[in-house]
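Quick look at my_file.tsv (TSV, C-alpha atoms):
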```tsv
chain	number	residue	atom	x	y	z
A	1	ALA	CA	137.46	266.51	130.53
A	2	SER	CA	138.83	268.78	127.80
A	3	GLU	CA	135.39	270.42	127.47
A	4	LYS	CA	135.43	271.29	131.18
A	5	ILE	CA	138.89	272.84	130.77
A	6	ALA	CA	137.71	274.86	127.76
A	7	GLU	CA	134.88	276.30	129.86
A	8	LYS	CA	137.15	277.58	132.65
A	9	ALA	CA	140.66	278.04	131.24
A	10	PRO	CA	141.93	281.13	129.39
A	11	ILE	CA	141.81	280.64	125.63
A	12	ASN	CA	145.61	280.56	125.35
A	13	SER	CA	146.17	278.09	128.20
A	14	ALA	CA	148.67	275.30	127.47
A	15	ALA	CA	146.38	272.98	129.48
A	16	SER	CA	143.75	273.01	126.73
A	17	GLY	CA	143.14	269.87	124.71
A	18	PRO	CA	142.50	266.19	125.49
A	19	SER	CA	146.20	265.26	125.72
A	20	SER	CA	147.12	267.76	128.45
A	21	GLY	CA	148.16	266.64	131.91
A	22	LEU	CA	145.14	268.42	133.36
A	23	ALA	CA	142.72	266.61	131.03
A	24	LYS	CA	144.19	263.28	132.10
A	25	LEU	CA	143.83	264.22	135.76
A	26	LEU	CA	140.15	265.11	135.28
A	27	TYR	CA	139.58	261.87	133.37
A	28	PHE	CA	141.04	259.83	136.24
A	29	GLN	CA	138.92	261.74	138.74
A	30	LEU	CA	135.82	260.92	136.73
A	31	THR	CA	136.57	257.24	136.08
A	32	LEU	CA	138.67	255.91	138.99
A	33	ALA	CA	138.05	255.42	142.70
A	34	LEU	CA	140.95	257.55	143.92
A	35	PRO	CA	142.24	257.52	147.53
A	36	GLU	CA	141.42	260.34	149.91
A	37	LYS	CA	144.87	261.88	149.52
A	38	TYR	CA	146.66	261.92	146.16
A	39	TYR	CA	148.71	264.22	143.92
A	40	LEU	CA	148.84	264.99	140.25
A	41	LEU	CA	152.03	263.33	138.99
A	42	HIS	CA	153.93	263.55	135.74
A	43	GLN	CA	156.23	260.77	134.53
A	44	ALA	CA	159.36	262.54	135.82
A	45	ASP	CA	157.72	263.02	139.23
A	46	TRP	CA	156.85	259.33	139.52
A	47	LEU	CA	160.42	258.33	138.66
A	48	ALA	CA	161.81	260.76	141.24
A	49	ILE	CA	159.55	259.25	143.91
A	50	GLN	CA	160.79	255.74	143.06
A	51	LEU	CA	164.33	257.02	143.68
A	52	GLY	CA	163.44	258.54	147.03
A	53	ALA	CA	161.97	262.00	146.44
A	54	THR	CA	159.00	263.20	148.48
A	55	PRO	CA	155.62	263.02	146.67
A	56	GLY	CA	153.90	266.28	145.84
A	57	ILE	CA	156.69	268.10	143.97
A	58	THR	CA	156.98	268.78	140.25
A	59	ASP	CA	158.88	271.13	137.94
A	60	TYR	CA	157.37	274.07	136.08
A	61	ASN	CA	158.06	272.59	132.63
A	62	ASN	CA	156.03	269.43	133.27
A	63	ALA	CA	153.39	271.46	135.12
A	64	LEU	CA	152.76	273.84	132.20
A	65	LYS	CA	150.26	271.59	130.41
A	66	SER	CA	148.63	270.74	133.73
A	67	GLY	CA	147.57	274.37	134.04
A	68	PHE	CA	150.47	275.96	135.94
A	69	ASP	CA	150.95	279.66	135.18
A	70	VAL	CA	154.67	279.95	134.38
A	71	VAL	CA	154.46	283.72	133.95
A	72	GLU	CA	152.99	284.41	137.41
A	73	ASN	CA	154.63	281.27	138.87
A	74	HIS	CA	151.54	279.83	140.57
A	75	TRP	CA	148.56	277.54	140.07
A	76	PRO	CA	145.83	279.89	138.77
A	77	SER	CA	142.55	280.34	140.62
A	78	TRP	CA	140.41	278.97	137.76
A	79	LEU	CA	141.84	275.50	138.41
A	80	GLU	CA	140.01	275.36	141.75
A	81	LEU	CA	136.74	275.45	139.80
A	82	ILE	CA	137.45	272.03	138.27
A	83	THR	CA	139.78	270.18	140.65
A	84	PRO	CA	140.65	270.30	144.38
A	85	LYS	CA	143.69	272.47	145.03
A	86	SER	CA	145.04	269.82	147.42
A	87	VAL	CA	145.92	267.48	144.54
A	88	LEU	CA	148.18	270.04	142.85
A	89	PRO	CA	151.88	269.55	143.68
A	90	ASN	CA	154.38	272.19	144.76
A	91	VAL	CA	156.20	273.53	141.72
A	92	VAL	CA	159.95	274.18	141.58
A	93	ALA	CA	162.48	275.09	138.90
A	94	PRO	CA	164.08	272.23	136.94
A	95	GLY	CA	167.37	271.27	138.58
A	96	THR	CA	166.15	272.07	142.12
A	97	VAL	CA	167.16	269.53	144.79
A	98	ILE	CA	164.01	267.63	145.80
A	99	GLY	CA	165.39	264.72	147.80
A	100	LYS	CA	168.11	262.13	148.31
A	101	LEU	CA	168.51	258.66	146.88
A	102	SER	CA	166.89	256.17	149.25
A	103	GLU	CA	168.93	253.50	151.03
A	104	ALA	CA	166.98	250.77	149.23
A	105	VAL	CA	167.79	252.20	145.80
A	106	MET	CA	171.45	252.74	146.74
A	107	LEU	CA	171.68	249.11	147.81
A	108	LYS	CA	170.01	247.89	144.63
A	109	LEU	CA	172.33	249.99	142.44
A	110	GLY	CA	175.43	249.06	144.41
A	111	ILE	CA	176.17	252.63	145.49
A	112	ASN	CA	178.33	252.62	148.59
A	113	GLN	CA	178.98	256.12	149.95
A	114	SER	CA	178.19	257.91	153.19
A	115	ALA	CA	176.29	260.83	151.65
A	116	PRO	CA	173.45	259.69	149.33
A	117	PRO	CA	173.30	261.30	145.88
A	118	LEU	CA	170.87	264.18	145.52
A	119	ILE	CA	167.69	263.95	143.46
A	120	LYS	CA	166.91	267.01	141.36
A	121	ALA	CA	163.69	268.08	139.66
A	122	GLY	CA	163.67	267.21	135.98
A	123	THR	CA	162.00	268.63	132.90
A	124	THR	CA	160.14	267.30	129.85
A	125	ASP	CA	161.89	264.99	127.40
A	126	SER	CA	161.68	267.55	124.59
A	127	LEU	CA	163.21	270.28	126.74
A	128	ALA	CA	165.98	267.95	127.90
A	129	ALA	CA	166.74	267.24	124.24
A	130	PHE	CA	166.75	271.00	123.57
A	131	ILE	CA	169.26	271.57	126.40
A	132	ALA	CA	171.47	268.85	124.87
A	133	THR	CA	171.81	270.75	121.57
A	134	GLY	CA	173.82	273.55	123.16
A	135	ALA	CA	171.37	276.33	122.23
A	136	ARG	CA	171.69	278.93	124.98
A	137	ARG	CA	171.33	282.48	123.65
A	138	VAL	CA	168.26	284.53	122.80
A	139	GLY	CA	167.48	284.12	119.09
A	140	GLU	CA	168.80	280.58	118.74
A	141	GLY	CA	166.29	278.11	117.34
A	142	VAL	CA	166.05	274.33	117.23
A	143	THR	CA	164.07	272.48	114.56
A	144	SER	CA	163.12	268.87	115.21
A	145	LEU	CA	162.53	266.95	111.97
A	146	GLY	CA	161.01	263.79	113.38
A	147	SER	CA	157.61	262.30	112.69
A	148	THR	CA	156.29	265.82	113.26
A	149	LEU	CA	157.91	269.21	112.70
A	150	VAL	CA	158.64	270.96	116.02
A	151	LEU	CA	160.19	274.43	116.37
A	152	LYS	CA	161.65	276.06	119.48
A	153	LEU	CA	163.13	279.55	119.78
A	154	ILE	CA	164.84	281.10	122.81
A	155	CYS	CA	162.86	284.32	123.20
A	156	LYS	CA	162.90	287.60	125.06
A	157	ASN	CA	159.22	287.35	125.93
A	158	PRO	CA	156.77	284.48	126.49
A	159	VAL	CA	154.09	283.85	123.87
A	160	PHE	CA	150.81	282.00	124.31
A	161	ASP	CA	148.69	282.26	121.19
A	162	ALA	CA	145.80	279.90	120.46
A	163	GLU	CA	145.43	280.97	116.81
A	164	THR	CA	148.96	279.93	115.86
A	165	GLY	CA	149.36	277.11	118.38
A	166	ILE	CA	152.37	278.76	120.06
A	167	TYR	CA	153.11	278.26	123.75
A	168	SER	CA	156.14	278.99	125.93
A	169	HIS	CA	158.24	277.11	128.44
A	170	LYS	CA	160.32	278.86	131.06
A	171	LEU	CA	164.04	278.06	131.24
A	172	GLY	CA	165.73	280.04	133.99
A	173	ASN	CA	165.56	283.68	132.92
A	174	ARG	CA	164.80	282.77	129.30
A	175	TRP	CA	161.66	281.73	127.48
A	176	LEU	CA	161.42	278.89	125.01
A	177	CYS	CA	158.63	279.63	122.54
A	178	GLY	CA	157.53	277.00	120.09
A	179	GLY	CA	154.94	274.90	118.39
A	180	ALA	CA	154.42	271.49	116.78
A	181	SER	CA	152.99	270.96	113.30
A	182	ASN	CA	151.10	267.87	112.18
A	183	SER	CA	153.33	267.82	109.12
A	184	GLY	CA	156.75	266.17	109.18
A	185	GLY	CA	158.53	262.89	108.66
A	186	ALA	CA	155.40	260.78	109.14
A	187	VAL	CA	154.10	262.20	105.86
A	188	LEU	CA	157.36	261.34	104.05
A	189	ARG	CA	157.36	257.77	105.40
A	190	HIS	CA	153.75	257.31	104.38
A	191	PHE	CA	154.82	257.57	100.74
A	192	PHE	CA	158.45	256.40	100.78
A	193	THR	CA	160.78	254.02	102.62
A	194	ASP	CA	163.96	255.32	104.24
A	195	GLU	CA	166.00	253.89	101.35
A	196	GLN	CA	163.77	255.60	98.79
A	197	LEU	CA	164.09	258.91	100.62
A	198	ILE	CA	167.89	258.69	100.31
A	199	THR	CA	168.00	257.74	96.62
A	200	LEU	CA	165.19	260.07	95.50
A	201	SER	CA	166.65	263.04	97.40
A	202	GLN	CA	169.85	262.67	95.38
A	203	LYS	CA	167.85	263.15	92.17
A	204	ILE	CA	166.29	266.45	93.28
A	205	ASP	CA	167.43	269.56	91.43
A	206	LEU	CA	167.13	272.42	93.90
A	207	ASN	CA	167.34	274.93	91.05
A	208	GLN	CA	163.94	273.73	89.83
A	209	SER	CA	160.68	274.97	91.32
A	210	ALA	CA	158.99	272.47	93.63
A	211	PRO	CA	155.27	271.62	93.55
A	212	ASP	CA	153.25	273.70	96.00
A	213	TYR	CA	152.14	271.34	98.79
A	214	TYR	CA	150.96	271.47	102.40
A	215	PRO	CA	151.95	267.96	103.52
A	216	LEU	CA	149.40	266.47	105.91
A	217	LEU	CA	148.07	262.91	106.07
A	218	THR	CA	144.65	264.01	107.34
A	219	PRO	CA	142.95	267.40	107.65
A	220	GLY	CA	143.88	269.40	110.73
A	221	GLU	CA	146.87	271.49	111.78
A	222	ARG	CA	148.24	272.66	115.16
A	223	PHE	CA	151.03	275.09	114.21
A	224	PRO	CA	151.68	277.58	112.64
A	225	VAL	CA	147.91	277.69	112.31
A	226	ALA	CA	145.64	275.98	114.80
A	227	ASP	CA	142.74	274.66	112.74
A	228	PRO	CA	141.26	271.15	113.18
A	229	ASN	CA	139.95	271.28	109.62
A	230	TYR	CA	143.01	272.71	107.87
A	231	PRO	CA	143.23	270.94	104.48
A	232	ALA	CA	146.15	268.91	103.19
A	233	LYS	CA	147.50	269.80	99.76
A	234	LEU	CA	149.24	266.91	97.99
A	235	LEU	CA	147.96	267.26	94.45
A	236	PRO	CA	148.71	267.21	91.59
A	237	ARG	CA	151.30	264.45	91.99
A	238	PRO	CA	154.03	264.39	89.32
A	239	ALA	CA	154.72	261.14	87.49
A	240	GLU	CA	158.30	261.09	88.79
A	241	ASP	CA	158.68	260.28	92.48
A	242	HIS	CA	161.65	262.57	93.08
A	243	LEU	CA	159.60	265.57	91.95
A	244	PHE	CA	156.83	264.59	94.37
A	245	LEU	CA	159.38	264.25	97.17
A	246	HIS	CA	160.81	267.65	96.28
A	247	GLY	CA	157.37	269.14	96.79
A	248	LEU	CA	156.93	267.42	100.15
A	249	LEU	CA	160.33	268.55	101.44
A	250	ALA	CA	159.74	272.10	100.22
A	251	GLY	CA	156.26	272.14	101.74
A	252	ILE	CA	157.52	271.14	105.19
A	253	ALA	CA	160.37	273.68	104.89
A	254	SER	CA	157.81	276.35	104.04
A	255	ILE	CA	155.84	275.48	107.19
A	256	GLU	CA	159.10	275.79	109.14
A	257	LYS	CA	159.72	279.25	107.65
A	258	THR	CA	156.20	280.43	108.46
A	259	GLY	CA	156.50	279.02	111.99
A	260	TYR	CA	159.69	280.93	112.69
A	261	GLN	CA	158.16	284.08	111.23
A	262	TYR	CA	155.31	283.89	113.73
A	263	LEU	CA	157.65	283.07	116.60
A	264	GLN	CA	159.81	286.09	115.77
A	265	GLN	CA	156.87	288.42	115.26
A	266	LEU	CA	154.96	287.49	118.42
A	267	SER	CA	157.99	287.32	120.72
A	268	ALA	CA	159.88	290.31	119.28
A	269	THR	CA	162.94	288.06	118.99
A	270	PRO	CA	164.93	287.86	115.72
A	271	LEU	CA	166.03	284.35	114.69
A	272	THR	CA	169.86	284.24	114.63
A	273	SER	CA	170.62	280.55	114.00
A	274	ILE	CA	169.07	277.09	113.71
A	275	ARG	CA	170.15	273.73	115.06
A	276	SER	CA	168.48	270.71	113.43
A	277	VAL	CA	167.72	267.42	115.17
A	278	GLY	CA	165.74	264.31	114.30
A	279	GLY	CA	166.03	261.92	111.37
A	280	GLY	CA	165.35	264.60	108.75
A	281	ALA	CA	168.43	266.54	109.87
A	282	ASN	CA	170.57	263.83	108.24
A	283	ASN	CA	169.24	264.59	104.74
A	284	PRO	CA	171.80	266.96	103.11
A	285	VAL	CA	169.51	267.90	100.22
A	286	TRP	CA	166.71	268.89	102.59
A	287	THR	CA	169.21	270.86	104.68
A	288	LYS	CA	170.34	272.86	101.63
A	289	LEU	CA	166.72	273.52	100.68
A	290	ARG	CA	165.93	274.75	104.21
A	291	GLU	CA	169.07	276.89	104.37
A	292	SER	CA	168.16	278.65	101.11
A	293	LEU	CA	164.63	279.30	102.37
A	294	LEU	CA	165.36	280.35	105.96
A	295	GLN	CA	168.48	282.47	105.30
A	296	VAL	CA	170.09	282.08	108.75
A	297	PRO	CA	173.20	280.13	109.82
A	298	PHE	CA	172.71	276.42	110.52
A	299	GLU	CA	174.78	275.30	113.52
A	300	THR	CA	176.26	271.82	113.93
A	301	VAL	CA	174.78	269.74	116.75
A	302	GLU	CA	176.94	267.28	118.69
A	303	HIS	CA	174.36	265.99	121.15
A	304	THR	CA	170.61	265.53	120.74
A	305	GLU	CA	169.69	262.89	123.33
A	306	ALA	CA	167.35	263.87	126.15
A	307	ALA	CA	169.52	261.81	128.52
A	308	TYR	CA	172.49	264.08	127.80
A	309	GLY	CA	170.41	267.20	128.40
A	310	SER	CA	169.12	265.71	131.66
A	311	ALA	CA	172.72	265.08	132.75
A	312	LEU	CA	173.61	268.71	132.01
A	313	LEU	CA	170.56	269.85	133.97
A	314	ALA	CA	171.54	267.66	136.94
A	315	ARG	CA	175.09	269.01	136.87
A	316	ASP	CA	174.50	272.70	136.09
A	317	GLY	CA	170.86	273.38	136.88
A	318	LEU	CA	169.59	276.31	134.84
A	319	THR	CA	172.76	278.38	135.19
A	320	LEU	CA	173.26	278.27	131.42
A	321	PHE	CA	169.95	280.10	130.97
A	322	GLN	CA	170.50	282.97	133.41
```
Rewrite the structure of this file - the entire thing - as structure tokens.
Amino acid sequence: ASEKIAEKAPINSAASGPSSGLAKLLYFQLTLALPEKYYLLHQADWLAIQLGATPGITDYNNALKSGFDVVENHWPSWLELITPKSVLPNVVAPGTVIGKLSEAVMLKLGINQSAPPLIKAGTTDSLAAFIATGARRVGEGVTSLGSTLVLKLICKNPVFDAETGIYSHKLGNRWLCGGASNSGGAVLRHFFTDEQLITLSQKIDLNQSAPDYYPLLTPGERFPVADPNYPAKLLPRPAEDHLFLHGLLAGIASIEKTGYQYLQQLSATPLTSIRSVGGGANNPVWTKLRESLLQVPFETVEHTEAAYGSALLARDGLTLFQ
């Protein structure tokens, strides 16, 4: 399926790759006996239908990796070369009213009111988590330090660049440019337990030079360079574990710095601040290391849960991004 997409899609399309929504649709078309009438659905669409929404509607954030052109705001013509246009849903902005809660669901949930609650189009889980952080203005970035390193920057202009692995989501009148590295917390937890990470971090002297590493568990990187054969660099390993950890933390921070440099350069948007989320954001030593390297203010984050961002989206729509 991904090979068929590569033949027809523009090189910078977010639908490229075997994990895209479009690749999954093509796989199902090849392997399943599908009914005569059906629609491409994302998880958020399926949930909305269970609540009472009409099938055949999605939001432009979920649709991005299914091939939707968020710049021109339509399904591009090349898609018709690989899938029937009839299966592609109508696309609306996140927060758009798409239905009302069904009587059956209201009864099951014990909701007793004359006017049923409205159902609104959602977004992706990562974008809902981004909305929760409070980042709103052009130039504000969010770094997710989870199992992988993920960067997002509110930009003036959209960027789709296959060489660096950068793609852009639309949020109202703003653009959210970003990318996801294969480096991150999964590498740290491969070598150390959570308890070891805490105790060893306290032994790190940030005034000392760290070993020069590119922390990957296997060859291959997605961002800030898209190269399936990109080599890991984890040697030489010092005899003392805290020195090795220092090198890993510094290596991931260096990837973060390079990532933001590309995001700024390609979008013509200076980075003004960073909000950090994910488990790695709770490591004060790593935070100091990153602050010294990135040289921008680090903002405190109160909320990071996607559920909170979804609630804000349901209440306010995309008014905060106008």
Next item on the list: Would you mind listing what lies within 9 Å of range 13-18 of chain A as a PyMOL selection string, with all atoms listed in the file counted and same-chain residues fewer than 3 positions away left out?
Entry: chain A and resi 1-3+5-6+9-10+21-24+64-69+160-162+166-168
Notebook entry, point to check: With distances taken over only C-alpha atoms, which of A:Ala226, A:Lys37, A:Arg136, A:Asp45 is nearest to Asn12 in chain A?
Noted result: A:Ala226
Next item on the list: Kindly indicate which residue among A:Ser273, A:Asn229, A:Gln43, A:Gln208 lies nearest to His242 in chain A, using all atoms listed in the file for the distances.
Entry: A:Gln208
Note to self: As an exercise, work out the distance from CA of Ile131 in chain A to CA of Gly146 in chain A in Å and give it to one decimal place.
What the structure shows: 17.3 Å
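As for CA of His42 in chain A and CA of Ser102 in chain A, they are spaced 20.1 Å apart.
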Margin query: What's around Gly184 in chain A at 7 Å? Count all atoms listed in the file, leave out sequence neighbours fewer than 4 positions away in its own chain, and write the answer as a ChimeraX atom specification.
Written below: /A:145-149,252
Mind dumping the selected residues with C-alpha atoms as an mmCIF file, in the coordinates of the input?
```cif
data_model
loop_
_atom_site.group_PDB
_atom_site.id
_atom_site.type_symbol
_atom_site.label_atom_id
_atom_site.label_comp_id
_atom_site.auth_asym_id
_atom_site.auth_seq_id
_atom_site.Cartn_x
_atom_site.Cartn_y
_atom_site.Cartn_z
ATOM 1 C CA LEU A 145 162.530 266.950 111.970
ATOM 2 C CA GLY A 146 161.010 263.790 113.380
ATOM 3 C CA SER A 147 157.610 262.300 112.690
ATOM 4 C CA THR A 148 156.290 265.820 113.260
ATOM 5 C CA LEU A 149 157.910 269.210 112.700
ATOM 6 C CA ILE A 252 157.520 271.140 105.190
#
```
Item checked: Coordinates-based distance that separates CA of Gln264 in chain A from CA of Leu151 in chain A (Å, one decimal) -> 11.7 Å
Notebook entry, point to check: Which of these residues is nearest to Gly141 in chain A, using all atoms listed in the file: A:Ser276, A:Thr193, A:Asn61, A:Asn112?
Noted result: A:Ser276
Check: Can you list, as a ChimeraX atom specification, every protein, DNA or RNA residue that comes within 9 Å of Arg275 in chain A when you count all atoms listed in the file, leaving out same-chain residues fewer than 3 positions away?
Finding: /A:133-135,140-144,297-301
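Shell of range 311-319 of chain A at 8 Å, with all atoms listed in the file counted and residues fewer than 6 places along the chain excluded, is Pro94, Gly95, Thr96, Lys120, Gly122, Ala128, Ile131, Ala132, Leu171 and Gly172 of chain A.
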